[in-house]
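Notes follow once the structure below has been shown.
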Amino acid sequence: ALLADKDLLSFVVGKKGTMLEFAAESLRGDRDVVLQAVRSDGLALRLASEALRGDREVVLAAVAQDGDALAMADESVRADREIVLQAVRTNGAVLELASEELRNDREVVEAALRFDGLSLRFAGQGLREHREVVLVAVRQHGAALEFASQALRADRELVREAINRTPKAIAYALGGLQDDDELLEFVRDVRCRIQKEGR
């Protein structure tokens, strides 16, 4: 049975957003009901009317609850800086869905990298060549080194930072650093530390 009572539905979706699935079609387009649903579960955005999937306030509420909701939002809001910034703070990988302009926005990219360093792969080329940006990425996940520019993959100190976080990151080093005795010893030291401490 479809839920057609707005007050009852608002209460229900406020507890479990995906219950929006059982709403009458007209209520899936009701802004108040959908806001309640996405505040409870951002992924409920997929059940909203097409118009509300492009509504800035609704999408902002959804991505604040779950960054993955950006994938369900209308493409028009993927260029909205505030929405994308909010989304990448809860899931860095959704940087992939952002507009090209925002994938080249340092603040947006660094917010994504703090959550998931591997999101560097979705950053604009200029930012993958930027030492400070790549440093944020490899400090979160050393294997992000793979997505850095060739010059930075040959930067000894940057490679060392990556290894310190993820020893296998040595595999992405260039410029002869994969065979560097000092760095190979550092890899062994970090692996021992991780085995002892758990990180």
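By convention in this document, the chains of the structure tokens carry letters A, B, ... by their order, each chain's residues are numbered from 1, and ligands are numbered from 1 in the order they are shown.
Within 10 Å of A:Asp155, once only C-alpha atoms are used and residues closer than 6 positions along the same chain are dropped, the contacting residues are Arg131, Ala173, Leu174, Gly175 and Leu177 of chain A.
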Requested write-out: all heavy atoms of the selected residues, as a PDB file, in the first residue's frame:
```pdb
ATOM      1  N   ARG A 131      52.905  19.755  -5.474  1.00  0.00           N
ATOM      2  CA  ARG A 131      53.540  18.986  -4.391  1.00  0.00           C
ATOM      3  C   ARG A 131      52.719  18.966  -3.103  1.00  0.00           C
ATOM      4  O   ARG A 131      52.556  17.923  -2.476  1.00  0.00           O
ATOM      5  CB  ARG A 131      54.939  19.546  -4.122  1.00  0.00           C
ATOM      6  CG  ARG A 131      55.773  18.646  -3.231  1.00  0.00           C
ATOM      7  CD  ARG A 131      57.218  19.174  -3.126  1.00  0.00           C
ATOM      8  NE  ARG A 131      58.095  18.157  -2.569  1.00  0.00           N
ATOM      9  CZ  ARG A 131      58.136  17.853  -1.279  1.00  0.00           C
ATOM     10  NH1 ARG A 131      57.340  18.470  -0.425  1.00  0.00           N
ATOM     11  NH2 ARG A 131      58.969  16.909  -0.844  1.00  0.00           N
ATOM     12  N   ALA A 173      57.143   4.554  -7.123  1.00  0.00           N
ATOM     13  CA  ALA A 173      58.247   5.517  -7.195  1.00  0.00           C
ATOM     14  C   ALA A 173      58.948   5.424  -8.546  1.00  0.00           C
ATOM     15  O   ALA A 173      58.993   4.366  -9.170  1.00  0.00           O
ATOM     16  CB  ALA A 173      59.236   5.256  -6.073  1.00  0.00           C
ATOM     17  N   LEU A 174      59.473   6.538  -8.997  1.00  0.00           N
ATOM     18  CA  LEU A 174      60.221   6.598 -10.264  1.00  0.00           C
ATOM     19  C   LEU A 174      61.616   7.152  -9.996  1.00  0.00           C
ATOM     20  O   LEU A 174      61.976   7.436  -8.869  1.00  0.00           O
ATOM     21  CB  LEU A 174      59.472   7.482 -11.269  1.00  0.00           C
ATOM     22  CG  LEU A 174      58.076   7.026 -11.695  1.00  0.00           C
ATOM     23  CD1 LEU A 174      57.446   8.063 -12.616  1.00  0.00           C
ATOM     24  CD2 LEU A 174      58.113   5.668 -12.367  1.00  0.00           C
ATOM     25  N   GLY A 175      62.376   7.303 -11.064  1.00  0.00           N
ATOM     26  CA  GLY A 175      63.696   7.923 -10.961  1.00  0.00           C
ATOM     27  C   GLY A 175      64.708   7.082 -10.190  1.00  0.00           C
ATOM     28  O   GLY A 175      65.576   7.628  -9.520  1.00  0.00           O
ATOM     29  N   LEU A 177      64.189   5.343  -7.586  1.00  0.00           N
ATOM     30  CA  LEU A 177      63.933   5.284  -6.149  1.00  0.00           C
ATOM     31  C   LEU A 177      63.458   3.906  -5.696  1.00  0.00           C
ATOM     32  O   LEU A 177      63.614   3.560  -4.519  1.00  0.00           O
ATOM     33  CB  LEU A 177      62.931   6.363  -5.740  1.00  0.00           C
ATOM     34  CG  LEU A 177      63.409   7.808  -5.911  1.00  0.00           C
ATOM     35  CD1 LEU A 177      62.318   8.790  -5.497  1.00  0.00           C
ATOM     36  CD2 LEU A 177      64.683   8.058  -5.122  1.00  0.00           C
TER      37      LEU A 177
END
```
**Study point:** Residue neighbourhood A:Arg78, 6 Å, only C-alpha atoms, exclusion window fewer than 3 positions, as a PyMOL selection string
**Key:** chain A and resi 75+98-99
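Checking A:Arg121, A:Lys168, A:Lys196, A:Arg156 one by one against A:Ala143, counting only C-alpha atoms, you find the shortest gap at A:Lys168.
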**Study point:** Selected residue, from A:Glu100, A:Glu21, A:Glu157, A:Glu50, that lies nearest to A:Ala37 when counting only C-alpha atoms
**Key:** A:Glu21
Exercise for review: Write out as a ChimeraX atom specification each polymer residue whose atoms come within 12 Å of A:Glu132, counting only C-alpha atoms; drop sequence neighbours fewer than 3 positions from it.
Suggested key: /A:106-107,109-110,113,126-129,135-139,148,152,157-158,161
Check your understanding: Got a sec: who's within 12 Å of A:Val94, counting only C-alpha atoms, leaving out chain neighbours fewer than 6 positions off, as a VMD selection string?
Key -> chain A and resid 63 66 to 73 78 83 to 88 102 to 103 108 to 109 111 to 113 115 to 116 118 to 123
Check your understanding: Residues of chain A in alpha helix (DSSP H) according to DSSP, as a PyMOL selection string?
Key -> chain A and resi 6-15+25-28+31-40+56-65+81-90+100-103+106-115+125-128+131-140+150-153+156-165+181-197
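What separates atom CA of A:Ser49 from atom CA of A:Leu27 is a distance of 8.8 Å.
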Practice item. For stretch 10-17 of chain A, please output as a ChimeraX atom specification all residues within 6 Å (counting only C-alpha atoms; exclusion window: fewer than 4 positions along the same chain). Key: /A:6,33,36-38,40-41,44
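Pairwise distance (atom CA of A:Arg114, atom CA of A:Tyr172) equals 20.2 Å.
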